[in-house]
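**Student:** My structure is stored as start_22.cif, with mmCIF, C-alpha atoms and all ligand atoms.
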data_my_file
#
loop_
_atom_site.label_atom_id
_atom_site.label_comp_id
_atom_site.auth_asym_id
_atom_site.auth_seq_id
_atom_site.Cartn_x
_atom_site.Cartn_y
_atom_site.Cartn_z
CA MET A 1 -19.07 -11.21 16.80
CA LYS A 2 -21.91 -9.46 15.05
CA MET A 3 -21.39 -5.99 13.69
CA SER A 4 -24.18 -3.54 14.32
CA LEU A 5 -23.11 -1.33 11.42
CA PRO A 6 -22.38 -3.21 8.21
CA THR A 7 -20.43 -0.22 6.83
CA LEU A 8 -17.70 -0.61 9.44
CA GLY A 9 -14.97 -2.18 7.38
CA TYR A 10 -12.18 -1.34 4.99
CA SER A 11 -13.09 -0.31 1.46
CA ARG A 12 -12.05 -2.52 -1.46
CA THR A 13 -9.49 0.14 -2.43
CA ALA A 14 -7.92 0.10 1.03
CA ILE A 15 -7.77 -3.70 1.00
CA ALA A 16 -6.27 -3.82 -2.49
CA LEU A 17 -3.62 -1.24 -1.61
CA HIS A 18 -2.77 -3.05 1.62
CA TRP A 19 -2.12 -6.37 -0.11
CA ALA A 20 -0.37 -4.90 -3.14
CA ILE A 21 2.09 -3.09 -0.87
CA ALA A 22 2.53 -6.15 1.35
CA LEU A 23 3.28 -8.35 -1.67
CA LEU A 24 5.80 -5.87 -3.09
CA ILE A 25 7.61 -5.57 0.24
CA PHE A 26 7.79 -9.35 0.49
CA CYS A 27 9.55 -9.27 -2.90
CA ALA A 28 11.78 -6.20 -2.41
CA PHE A 29 13.11 -7.24 0.98
CA PRO A 30 14.58 -10.67 0.18
CA LEU A 31 15.65 -9.39 -3.24
CA GLY A 32 17.62 -6.59 -1.55
CA ILE A 33 19.46 -9.05 0.65
CA TYR A 34 20.03 -11.59 -2.12
CA MET A 35 21.24 -9.25 -4.87
CA ALA A 36 23.98 -7.54 -2.85
CA ASP A 37 25.94 -10.80 -2.48
CA LEU A 38 25.83 -11.77 -6.15
CA PRO A 39 29.00 -11.64 -8.24
CA PHE A 40 29.15 -8.84 -10.78
CA SER A 41 26.97 -9.99 -13.68
CA PRO A 42 24.14 -8.85 -15.96
CA GLY A 43 21.80 -10.75 -13.63
CA ARG A 44 22.93 -8.68 -10.69
CA LEU A 45 22.46 -5.41 -12.57
CA LYS A 46 18.96 -6.52 -13.57
CA LEU A 47 17.99 -7.46 -10.02
CA TYR A 48 19.26 -4.13 -8.68
CA SER A 49 17.04 -2.36 -11.18
CA TYR A 50 14.02 -4.56 -10.38
CA HIS A 51 14.58 -3.95 -6.69
CA LYS A 52 14.60 -0.20 -7.26
CA TRP A 53 11.51 -0.34 -9.46
CA ILE A 54 9.58 -2.40 -6.90
CA GLY A 55 10.63 0.04 -4.18
CA VAL A 56 9.54 3.08 -6.18
CA THR A 57 6.20 1.34 -6.82
CA VAL A 58 5.80 0.83 -3.07
CA PHE A 59 6.43 4.55 -2.61
CA LEU A 60 3.79 5.48 -5.21
CA LEU A 61 1.21 3.05 -3.79
CA ALA A 62 1.96 4.35 -0.30
CA LEU A 63 1.17 7.87 -1.51
CA ALA A 64 -2.15 6.66 -2.93
CA ARG A 65 -2.82 4.76 0.26
CA LEU A 66 -2.18 7.70 2.52
CA ALA A 67 -4.39 9.95 0.39
CA TRP A 68 -7.17 7.34 0.48
CA ARG A 69 -6.77 6.82 4.22
CA TRP A 70 -7.16 10.55 4.75
CA GLN A 71 -10.64 10.40 3.21
CA HIS A 72 -11.64 6.98 4.54
CA PRO A 73 -10.93 6.43 8.25
CA ALA A 74 -10.10 2.92 9.38
CA PRO A 75 -12.81 0.99 11.18
CA PRO A 76 -12.56 1.24 14.97
CA PRO A 77 -10.84 -1.47 16.99
CA PRO A 78 -13.11 -4.22 18.36
CA ALA A 79 -14.97 -3.25 21.50
CA GLY A 80 -13.28 -4.33 24.69
CA MET A 81 -9.72 -4.19 23.36
CA PRO A 82 -7.35 -3.09 26.16
CA ALA A 83 -6.05 0.46 25.91
CA TRP A 84 -2.39 -0.60 25.63
CA GLN A 85 -3.22 -2.73 22.61
CA ARG A 86 -5.09 0.14 21.00
CA ILE A 87 -2.11 2.43 21.57
CA ALA A 88 0.34 -0.20 20.37
CA SER A 89 -1.64 -0.79 17.20
CA ILE A 90 -1.91 2.92 16.43
CA ALA A 91 1.83 3.37 17.02
CA THR A 92 2.71 0.38 14.82
CA HIS A 93 0.44 1.53 12.01
CA HIS A 94 1.85 5.06 12.08
CA LEU A 95 5.41 3.78 12.04
CA LEU A 96 4.60 1.39 9.21
CA TYR A 97 3.17 4.26 7.16
CA LEU A 98 6.29 6.29 7.88
CA LEU A 99 8.57 3.46 6.78
CA LEU A 100 6.61 2.89 3.57
CA PHE A 101 8.02 6.26 2.58
CA ALA A 102 11.32 6.34 4.46
CA VAL A 103 12.61 3.00 3.13
CA PRO A 104 12.17 3.82 -0.58
CA ILE A 105 13.41 7.40 -0.09
CA SER A 106 16.57 6.15 1.64
CA GLY A 107 17.15 3.71 -1.25
CA TRP A 108 16.68 6.45 -3.81
CA LEU A 109 19.01 8.87 -2.02
CA MET A 110 21.59 6.11 -1.58
CA SER A 111 21.49 5.36 -5.31
CA SER A 112 22.07 9.03 -6.11
CA ALA A 113 24.95 9.29 -3.66
CA LYS A 114 26.49 6.14 -5.09
CA GLY A 115 26.31 7.72 -8.52
CA PHE A 116 23.69 5.46 -10.05
CA GLN A 117 20.57 7.29 -10.98
CA THR A 118 17.21 5.55 -10.51
CA VAL A 119 15.36 5.20 -13.82
CA TYR A 120 11.88 3.89 -12.98
CA LEU A 121 11.01 0.90 -15.19
CA GLY A 122 14.04 1.85 -17.28
CA ILE A 123 12.02 4.74 -18.71
CA ILE A 124 11.40 7.52 -16.20
CA PRO A 125 14.55 9.04 -14.70
CA LEU A 126 14.08 10.21 -11.12
CA PRO A 127 16.00 13.35 -10.24
CA ASP A 128 19.22 12.90 -8.29
CA LEU A 129 18.79 15.03 -5.17
CA LEU A 130 22.31 14.23 -4.02
CA THR A 131 25.53 14.43 -5.96
CA LYS A 132 27.89 11.52 -6.01
CA ASP A 133 29.71 11.10 -2.72
CA LYS A 134 31.12 7.72 -1.69
CA ALA A 135 31.09 8.32 2.08
CA LEU A 136 27.53 9.61 1.94
CA GLY A 137 26.51 6.63 -0.20
CA ASP A 138 27.91 4.20 2.36
CA ALA A 139 26.20 6.07 5.20
CA LEU A 140 22.88 5.94 3.34
CA LEU A 141 23.31 2.21 2.76
CA LEU A 142 23.50 1.85 6.53
CA VAL A 143 20.38 4.03 6.89
CA HIS A 144 18.58 1.88 4.29
CA GLN A 145 19.60 -1.26 6.20
CA ILE A 146 18.54 0.07 9.61
CA LEU A 147 15.19 1.31 8.29
CA ASN A 148 14.65 -2.06 6.62
CA PHE A 149 15.50 -3.93 9.79
CA THR A 150 12.99 -1.73 11.65
CA LEU A 151 10.41 -2.34 8.93
CA ALA A 152 10.94 -6.11 9.16
CA THR A 153 10.52 -6.01 12.94
CA LEU A 154 7.30 -4.02 12.66
CA VAL A 155 5.94 -6.28 9.90
CA VAL A 156 6.51 -9.32 12.12
CA THR A 157 4.81 -7.54 15.04
CA HIS A 158 1.92 -6.55 12.78
CA LEU A 159 1.57 -10.10 11.48
CA THR A 160 1.75 -11.65 14.95
CA ALA A 161 -0.91 -9.27 16.24
CA ALA A 162 -3.17 -10.04 13.28
CA LEU A 163 -2.84 -13.79 13.90
CA LYS A 164 -3.47 -13.33 17.60
CA HIS A 165 -6.71 -11.47 16.80
CA TYR A 166 -7.80 -14.34 14.60
CA PHE A 167 -6.73 -17.39 16.58
CA VAL A 168 -6.71 -16.16 20.20
CA ASP A 169 -9.20 -13.29 20.43
CA ARG A 170 -11.34 -14.75 17.65
CA ASP A 171 -12.50 -11.29 16.64
CA GLU A 172 -13.15 -9.85 13.18
CA VAL A 173 -9.93 -7.82 12.87
CA LEU A 174 -8.06 -10.07 10.41
CA GLY A 175 -11.22 -10.65 8.44
CA ARG A 176 -11.55 -6.95 7.79
CA MET A 177 -8.43 -7.17 5.62
CA ILE A 178 -9.27 -10.68 4.32
CA PRO A 179 -13.03 -10.42 3.72
CA LEU A 180 -13.22 -14.13 2.86
CA LEU A 181 -12.55 -14.92 6.50
CA ASN A 182 -15.50 -12.92 7.80
CA GLN A 183 -17.72 -14.01 4.90
CA ARG A 184 -18.82 -10.46 4.76
CA LYS A 185 -18.56 -8.30 1.68
CA PRO A 186 -16.46 -5.16 1.95
CA ARG A 187 -18.35 -2.03 1.28
CA MET B 188 57.48 8.02 -24.92
CA ARG B 189 57.00 11.39 -23.29
CA LYS B 190 60.50 12.40 -24.27
CA THR B 191 59.81 11.49 -27.88
CA ALA B 192 56.63 13.52 -27.75
CA ILE B 193 58.50 16.51 -26.35
CA ALA B 194 61.29 16.07 -28.89
CA LEU B 195 58.68 15.86 -31.61
CA ALA B 196 56.92 18.95 -30.36
CA LEU B 197 60.21 20.81 -30.07
CA GLY B 198 61.29 19.73 -33.51
CA ALA B 199 57.94 20.75 -34.87
CA ALA B 200 58.19 24.11 -33.12
CA LEU B 201 61.63 24.76 -34.58
CA LEU B 202 60.46 23.79 -38.01
CA SER B 203 57.18 25.63 -37.66
CA PRO B 204 58.16 28.49 -39.94
CA PHE B 205 58.39 25.82 -42.64
CA ILE B 206 55.59 23.43 -41.67
CA ALA B 207 52.89 25.37 -39.89
CA PRO B 208 50.98 24.84 -37.70
CA ALA B 209 52.94 23.27 -34.87
CA LEU B 210 52.01 20.09 -33.05
CA ALA B 211 50.48 21.04 -29.72
CA GLN B 212 50.22 19.01 -26.52
CA VAL B 213 47.06 19.03 -24.44
CA ASP B 214 46.20 20.87 -21.27
CA ALA B 215 45.30 17.80 -19.18
CA ALA B 216 43.43 19.75 -16.51
CA LYS B 217 40.98 21.18 -19.03
CA SER B 218 40.67 18.16 -21.30
CA SER B 219 38.47 15.13 -20.77
CA VAL B 220 37.45 11.92 -22.47
CA VAL B 221 34.29 10.34 -21.09
CA ALA B 222 32.32 7.28 -22.19
CA VAL B 223 28.60 7.31 -21.45
CA SER B 224 26.73 4.04 -21.62
CA ARG B 225 23.29 2.95 -20.48
CA GLN B 226 22.77 0.17 -18.00
CA MET B 227 19.11 -0.85 -17.60
CA GLY B 228 18.23 2.60 -18.92
CA VAL B 229 20.49 4.29 -16.38
CA PRO B 230 23.16 6.56 -17.87
CA VAL B 231 26.57 5.56 -16.50
CA GLU B 232 29.61 7.76 -17.05
CA GLY B 233 33.19 6.57 -17.12
CA LYS B 234 36.17 8.90 -17.30
CA PHE B 235 39.51 8.08 -18.87
CA ARG B 236 41.75 9.77 -16.35
CA ARG B 237 44.97 9.52 -18.37
CA PHE B 238 45.42 10.21 -22.04
CA SER B 239 47.69 12.19 -24.26
CA ALA B 240 47.00 13.96 -27.51
CA GLN B 241 48.84 15.80 -30.19
CA VAL B 242 47.01 18.28 -32.30
CA SER B 243 48.10 20.42 -35.16
CA PHE B 244 45.24 22.42 -36.50
CA ASP B 245 44.67 25.71 -38.27
CA PRO B 246 40.96 26.43 -38.76
CA ALA B 247 41.82 28.29 -41.95
CA ARG B 248 43.43 25.16 -43.35
CA PRO B 249 41.55 22.20 -41.84
CA ALA B 250 42.68 19.77 -44.52
CA GLU B 251 46.26 20.06 -43.23
CA GLY B 252 45.15 19.44 -39.66
CA LYS B 253 46.17 16.35 -37.76
CA ALA B 254 45.33 14.93 -34.41
CA SER B 255 46.09 11.80 -32.49
CA LEU B 256 44.84 10.67 -29.16
CA GLU B 257 46.20 7.91 -26.98
CA ILE B 258 44.15 6.71 -24.04
CA ASP B 259 45.40 4.74 -21.07
CA ILE B 260 42.69 2.08 -20.69
CA ALA B 261 43.64 1.21 -17.11
CA SER B 262 42.71 4.76 -16.11
CA PHE B 263 39.01 4.13 -16.90
CA ASP B 264 37.01 5.19 -13.87
CA LEU B 265 33.29 4.55 -13.46
CA GLY B 266 33.39 5.93 -9.95
CA ASP B 267 32.77 2.56 -8.33
CA ALA B 268 35.49 0.10 -7.33
CA ASP B 269 33.38 -2.95 -8.32
CA PHE B 270 32.66 -1.54 -11.74
CA ASN B 271 36.27 -0.52 -12.35
CA ARG B 272 37.56 -3.98 -11.48
CA GLU B 273 35.00 -5.48 -13.81
CA THR B 274 35.64 -3.25 -16.82
CA ALA B 275 39.39 -3.99 -16.76
CA LYS B 276 38.62 -7.71 -17.25
CA LYS B 277 38.97 -9.78 -20.38
CA GLU B 278 35.26 -9.56 -21.24
CA TRP B 279 35.41 -5.76 -21.29
CA PHE B 280 38.53 -3.76 -22.12
CA ASP B 281 41.06 -6.51 -21.37
CA ALA B 282 43.32 -3.74 -20.09
CA ALA B 283 46.27 -6.09 -19.48
CA LYS B 284 46.41 -7.17 -23.12
CA PHE B 285 45.22 -3.92 -24.73
CA PRO B 286 46.50 -1.12 -22.51
CA LYS B 287 45.92 1.66 -25.05
CA ALA B 288 43.09 2.92 -27.19
CA THR B 289 43.95 5.34 -29.97
CA PHE B 290 42.33 7.70 -32.41
CA VAL B 291 44.35 9.02 -35.34
CA THR B 292 42.81 11.38 -37.86
CA SER B 293 43.12 10.70 -41.56
CA ALA B 294 41.13 13.63 -42.95
CA ILE B 295 39.58 16.74 -41.42
CA LYS B 296 36.83 18.51 -43.33
CA PRO B 297 34.90 21.69 -42.56
CA ALA B 298 31.24 21.10 -41.65
CA GLY B 299 29.78 24.56 -41.06
CA PRO B 300 30.99 27.53 -39.02
CA GLY B 301 33.24 26.36 -36.19
CA LYS B 302 32.45 22.75 -37.05
CA PHE B 303 34.58 20.06 -38.57
CA ASP B 304 34.33 16.37 -39.33
CA ALA B 305 37.39 14.47 -38.22
CA ALA B 306 37.61 11.14 -40.01
CA GLY B 307 40.08 8.71 -38.61
CA LYS B 308 40.92 5.32 -37.23
CA LEU B 309 39.66 4.39 -33.81
CA THR B 310 41.39 1.44 -32.16
CA ILE B 311 39.99 -0.11 -28.99
CA LYS B 312 40.81 -3.57 -27.68
CA GLY B 313 43.00 -4.23 -30.71
CA LYS B 314 40.19 -3.57 -33.17
CA THR B 315 40.44 -0.69 -35.62
CA LEU B 316 37.42 0.92 -37.23
CA ASP B 317 36.97 3.97 -39.44
CA VAL B 318 34.91 6.61 -37.69
CA VAL B 319 33.99 10.23 -38.26
CA ALA B 320 33.94 12.42 -35.19
CA PRO B 321 31.96 15.67 -35.36
CA VAL B 322 34.09 18.37 -33.73
CA THR B 323 33.37 21.94 -32.76
CA TYR B 324 36.35 24.23 -32.61
CA LYS B 325 37.03 27.44 -30.77
CA ALA B 326 40.08 29.41 -29.73
CA GLU B 327 40.12 30.54 -26.12
CA GLY B 328 42.92 32.59 -24.57
CA GLY B 329 45.69 31.17 -26.73
CA GLN B 330 44.33 27.66 -26.40
CA GLN B 331 42.46 25.61 -28.95
CA VAL B 332 39.34 23.81 -27.76
CA PHE B 333 37.98 20.78 -29.62
CA GLU B 334 34.74 19.28 -28.43
CA GLY B 335 32.40 16.61 -29.64
CA VAL B 336 30.49 13.41 -29.11
CA LEU B 337 31.39 10.28 -31.03
CA PRO B 338 28.72 7.56 -30.92
CA ILE B 339 30.06 4.04 -31.15
CA LYS B 340 28.70 0.53 -30.75
CA ARG B 341 30.57 -1.27 -28.01
CA LEU B 342 30.01 -4.73 -29.51
CA GLN B 343 31.86 -3.72 -32.69
CA PHE B 344 34.94 -3.53 -30.49
CA ASN B 345 34.08 -6.71 -28.54
CA ILE B 346 33.63 -4.64 -25.41
CA GLY B 347 31.41 -6.81 -23.26
CA GLU B 348 31.82 -10.44 -24.28
CA GLY B 349 30.02 -13.58 -23.17
CA GLU B 350 27.00 -12.86 -20.98
CA TRP B 351 27.69 -9.12 -21.34
CA LYS B 352 26.72 -9.25 -25.02
CA ASP B 353 23.19 -8.87 -23.70
CA THR B 354 22.28 -5.33 -24.76
CA ALA B 355 19.11 -5.36 -22.64
CA THR B 356 21.35 -4.91 -19.59
CA VAL B 357 24.11 -2.74 -21.05
CA ALA B 358 23.12 -0.95 -24.25
CA ASP B 359 25.23 -1.33 -27.38
CA ASP B 360 25.28 2.42 -27.96
CA VAL B 361 28.05 4.27 -26.18
CA GLN B 362 28.84 7.93 -26.54
CA ILE B 363 32.39 9.11 -26.29
CA LYS B 364 32.37 12.71 -25.17
CA PHE B 365 35.65 14.46 -25.66
CA ARG B 366 37.00 17.88 -24.89
CA ILE B 367 40.58 18.42 -25.95
CA VAL B 368 42.21 21.69 -24.98
CA THR B 369 45.69 22.36 -26.30
CA ALA B 370 48.39 23.60 -23.94
CA LYS B 371 49.14 27.33 -23.98
CA LYS B 372 51.93 28.15 -26.36
C1 LIG A 401 9.70 -1.10 0.08
C2 LIG A 401 10.79 -0.73 -0.46
C3 LIG A 401 12.14 -1.35 -0.22
C4 LIG A 401 12.52 -2.40 0.57
C5 LIG A 401 11.64 -3.27 1.46
C6 LIG A 401 13.95 -2.53 0.43
C7 LIG A 401 14.71 -3.49 1.07
C8 LIG A 401 16.07 -3.65 0.93
C9 LIG A 401 16.89 -4.58 1.66
C10 LIG A 401 16.39 -5.56 2.72
C11 LIG A 401 18.16 -4.45 1.21
C12 LIG A 401 19.38 -5.23 1.69
C13 LIG A 401 20.17 -4.40 2.66
C14 LIG A 401 21.35 -5.18 3.18
O1 LIG A 401 22.35 -5.21 2.45
O2 LIG A 401 21.24 -5.74 4.26
C15 LIG A 401 18.17 -3.43 0.20
C16 LIG A 401 19.30 -3.02 -0.51
C17 LIG A 401 19.28 -2.04 -1.49
N1 LIG A 401 18.21 -1.23 -1.84
FE1 LIG A 401 16.35 -1.38 -1.13
N2 LIG A 401 14.41 -1.57 -0.45
C18 LIG A 401 13.35 -0.83 -0.87
C19 LIG A 401 13.36 0.23 -1.75
C20 LIG A 401 14.47 0.65 -2.46
C21 LIG A 401 14.48 1.72 -3.45
C22 LIG A 401 13.27 2.55 -3.84
C23 LIG A 401 15.76 1.81 -3.93
C24 LIG A 401 16.33 2.73 -4.97
C25 LIG A 401 15.67 3.51 -5.74
C26 LIG A 401 16.55 0.81 -3.25
C27 LIG A 401 17.90 0.59 -3.48
C28 LIG A 401 18.64 -0.39 -2.86
C29 LIG A 401 20.02 -0.69 -3.19
C30 LIG A 401 20.88 0.01 -4.26
C31 LIG A 401 20.42 -1.71 -2.32
C32 LIG A 401 21.77 -2.43 -2.30
C33 LIG A 401 22.77 -1.68 -1.54
C34 LIG A 401 24.12 -2.37 -1.66
O3 LIG A 401 24.25 -3.46 -1.08
O4 LIG A 401 24.97 -1.80 -2.32
N3 LIG A 401 15.74 0.14 -2.37
N4 LIG A 401 16.89 -2.94 0.06
#
Starting from the file, give its structure as C-alpha cells.
Ligand code: HEM
**Tutor:**
Amino acid sequence: MKMSLPTLGYSRTAIALHWAIALLIFCAFPLGIYMADLPFSPGRLKLYSYHKWIGVTVFLLALARLAWRWQHPAPPPPAGMPAWQRIASIATHHLLYLLLFAVPISGWLMSSAKGFQTVYLGIIPLPDLLTKDKALGDALLLVHQILNFTLATLVVTHLTAALKHYFVDRDEVLGRMIPLLNQRKPR
Amino acid sequence: MRKTAIALALGAALLSPFIAPALAQVDAAKSSVVAVSRQMGVPVEGKFRRFSAQVSFDPARPAEGKASLEIDIASFDLGDADFNRETAKKEWFDAAKFPKATFVTSAIKPAGPGKFDAAGKLTIKGKTLDVVAPVTYKAEGGQQVFEGVLPIKRLQFNIGEGEWKDTATVADDVQIKFRIVTAKK
C-alpha cells in the first residue's frame, strides 16, 4: 500500500519507547514467575531486586511514553479497516497503557505492604505509601498477579493482531513499529 | 534464671544503702533491641522480641555503673516467616546452638552532657568482641532510659556464612538500635 502522506508514521522516539518497554516486560514477567519459586538464597534476593528495578523502569518509560503520545498522535488505522477492529485496537491500546502503570504500582504497593521497601537500582528509595500489613500484602500479591495475567492476555492479543496485519491483511501496520519491514524511514 | 534475677535484684535492693545504686530490671514494653541491615540497598529491620537486662547506673557516678543484656536469639523477627526461618539457620544465627547473645559492660565513661560510652563485651553466635556503645541517658518519670546505636560488622560474628558472605546482597554493616528503659522502682 502506498502512503499519500509520508509523515504518517510513528516518530523514532515513539518506536524506541515501544520496544524498550516491550523488552523490559518480556524480562520482568518471566523473572517474576521464576524468582518466587526459588529457595531462599542471595540469588533470589538479587532477582527480586532486579525485578523491581525493571518494573520501576517500565513505569518511568511509560510516563515518558504517555507524555510523548499526548503531543504526537498515533498514525490513523489503515483505510478500510472494519469498525470493530478499530474499536478493539483502541480498547486494547488504552488498556495496555493503563496496565503499564497499574502493574508496577501494584508491585510497589505490595512491596511496601510486605515490609520491603523498593530502592530503585539500590540507590533511590521509593516512599512506602503503605505500612506493613501481612494481609494487605497478600491481597496486593493477588492484585499484582491478576493484573499481570490481564497484561499477558492483552500482549498476546496485541501480538496476534500485529501478525495478522502483516501476514493476512498485508498492510503497513506492523511496519510502522518496525520500519525495516516497510523500508520506509520514520520521520 | 528469672528467680535468680529477682533474688539478685531483691538482694541488691536490700543492700542498696551500702552498695548504691540498685540493679534494675527493664520495662519490656518500653524497651527494644532492633538490628537494621541492608539487603540490596533496602533497609531491613529485625526485632529481638525477648531479652532481659540488668542495669545499675547513677549518672553522677558513671564509672560505677554496670549493665548486662541477654537476648533470646530465637525471638528475632524480621516480619516475614521466610526470613525468620532463614535467619535461625546455621549460616546465620544458628539459634539452636547459640540461643543467647549477650552484652556485658566493662567500663562506662562520660562522653558529654547526657552521653556515655559503654565499653563491654558483645557475644553473638559464640564469638566475643570488645565494643563501645554510645549511649544517651535520661530519667523519665522514675525510669531510666538508655538509647543508642551500636554499629557492628556481621561477618566478624560469622553471621551469614557460605554464600551469604556476599556483602553485595546483604551488607556487612549492621546497626543495633537499642532502647532500654528500667522498670519503675
Ligand atoms: C512491567 C512491570 C512488571 C511486570 C510485568 C511484573 C510481573 C510479575 C509477575 C509475572 C510476577 C509473578 C506473579 C506470580 O507469582 O504469579 C511478579 C511477582 C512480583 N513482582 Fe512484579 N512485575 C512488574 C513490576 C513490579 C514492580 C515495579 C515491583 C516492585 C517494586 C514488583 C514486585 C514484585 C514482587 C515482590 C513479586 C513477587 C511476589 C511474591 O511471590 O512474593 N513487580 N511480577
**Student:** Hey, which residues sit close to ligand LIG 401 (chain A)? Say within 9 Å, counting all atoms listed in the file, and write them as a ChimeraX atom specification.
**Tutor:** /A:21-22,24-37,48-49,51-59,99-112,114,116-120,126,137-138,141-142,144-149,151-152
**Student:** List every residue of region 237-344 of chain B that has an atom at most 12 Å from any atom of region 352-356 of chain B, and for each one report the closest atom pair and its distance in Å to one decimal, counting all atoms listed in the file, with rows sorted by chain and then by increasing residue number, as CSV.
**Tutor:**
residue,atom,partner,partner_atom,distance
B:Glu278,CA,B:Lys352,CA,9.3
B:Trp279,CA,B:Lys352,CA,10.1
B:Lys340,CA,B:Thr354,CA,10.6
B:Arg341,CA,B:Lys352,CA,9.4
B:Leu342,CA,B:Lys352,CA,7.2
B:Gln343,CA,B:Lys352,CA,10.8
B:Phe344,CA,B:Lys352,CA,11.4
**Student:** To one decimal in Å, tell me the separation between CA of Lys46 (chain A) and CA of Val357 (chain B).
**Tutor:** 9.8 Å
**Student:** Specify as a ChimeraX atom specification all residues of chain B found within 8 Å of chain A, counting only C-alpha atoms.
**Tutor:** /B:226-231,266-267,269,273,350-351,353,356-357
**Student:** I need the residue nearest Ala326 (chain B) from this list: B:Gly313, B:Pro300, B:Pro338, B:Pro246. Use all atoms listed in the file for the distance.
**Tutor:**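 Using all atoms listed in the file, the shortest distance to Ala326 (chain B) belongs to B:Pro246.
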**Student:** Quick one, how far is CA of Lys217 (chain B) from CA of Ala261 (chain B)?
**Tutor:**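 Distance reported for this atom pair: 20.2 Å.
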**Student:** Rounded to one decimal place, report the CA of Ile311 (chain B)-CA of Glu232 (chain B) distance in Å.
**Tutor:** 17.7 Å
**Student:** Pick from B:Asp264, B:Asp214, B:Asp360, B:Asp304: nearest to Pro321 (chain B), with only C-alpha atoms counted?
**Tutor:**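 For Pro321 (chain B), the nearest of the candidates is B:Asp304.
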**Student:** Need the shell around region 282-284 of chain B: protein/DNA/RNA residues with any atom at most 6 Å away, counting all atoms listed in the file. Skip same-chain ones fewer than 2 positions apart. Format as a ChimeraX atom specification?
**Tutor:** /B:260-261,275,280,286
**Student:** Excluding Ile90 (chain A) and residues on its chain fewer than 5 positions from it, collect all residues at most 12 Å away from it, counting all atoms listed in the file, and give them as a PyMOL selection string.
**Tutor:** chain A and resi 74+76-77+83-85+95-97+158
**Student:** For C-alpha atoms, I'd like the residues from the last selection saved as a compact mmCIF listing (two decimals), in the frame of the given file.
**Tutor:**
# COMPACT_ATOMS: atom_id res chain seq x y z
CA ALA A 74 -10.10 2.92 9.38
CA PRO A 76 -12.56 1.24 14.97
CA PRO A 77 -10.84 -1.47 16.99
CA ALA A 83 -6.05 0.46 25.91
CA TRP A 84 -2.39 -0.60 25.63
CA GLN A 85 -3.22 -2.73 22.61
CA LEU A 95 5.41 3.78 12.04
CA LEU A 96 4.60 1.39 9.21
CA TYR A 97 3.17 4.26 7.16
CA HIS A 158 1.92 -6.55 12.78
**Student:** Near Phe238 (chain B), counting all atoms listed in the file, which residues have an atom at most 9 Å away, once you skip same-chain residues fewer than 4 positions from it, shown as a PyMOL selection string?
**Tutor:** chain B and resi 215+219-220+256-260+262
**Student:** Those selected residues, please, written with C-alpha atoms and delivered as an mmCIF file, keeping the file's coordinate frame.
**Tutor:**
data_model
loop_
_atom_site.group_PDB
_atom_site.id
_atom_site.type_symbol
_atom_site.label_atom_id
_atom_site.label_comp_id
_atom_site.auth_asym_id
_atom_site.auth_seq_id
_atom_site.Cartn_x
_atom_site.Cartn_y
_atom_site.Cartn_z
ATOM 1 C CA ALA B 215 45.300 17.800 -19.180
ATOM 2 C CA SER B 219 38.470 15.130 -20.770
ATOM 3 C CA VAL B 220 37.450 11.920 -22.470
ATOM 4 C CA LEU B 256 44.840 10.670 -29.160
ATOM 5 C CA GLU B 257 46.200 7.910 -26.980
ATOM 6 C CA ILE B 258 44.150 6.710 -24.040
ATOM 7 C CA ASP B 259 45.400 4.740 -21.070
ATOM 8 C CA ILE B 260 42.690 2.080 -20.690
ATOM 9 C CA SER B 262 42.710 4.760 -16.110
#
**Student:** Hey, which of B:Lys253, B:Lys308, B:Lys234, B:Arg225 ends up closest to Ala211 (chain B)? Count only C-alpha atoms.
**Tutor:** B:Lys253
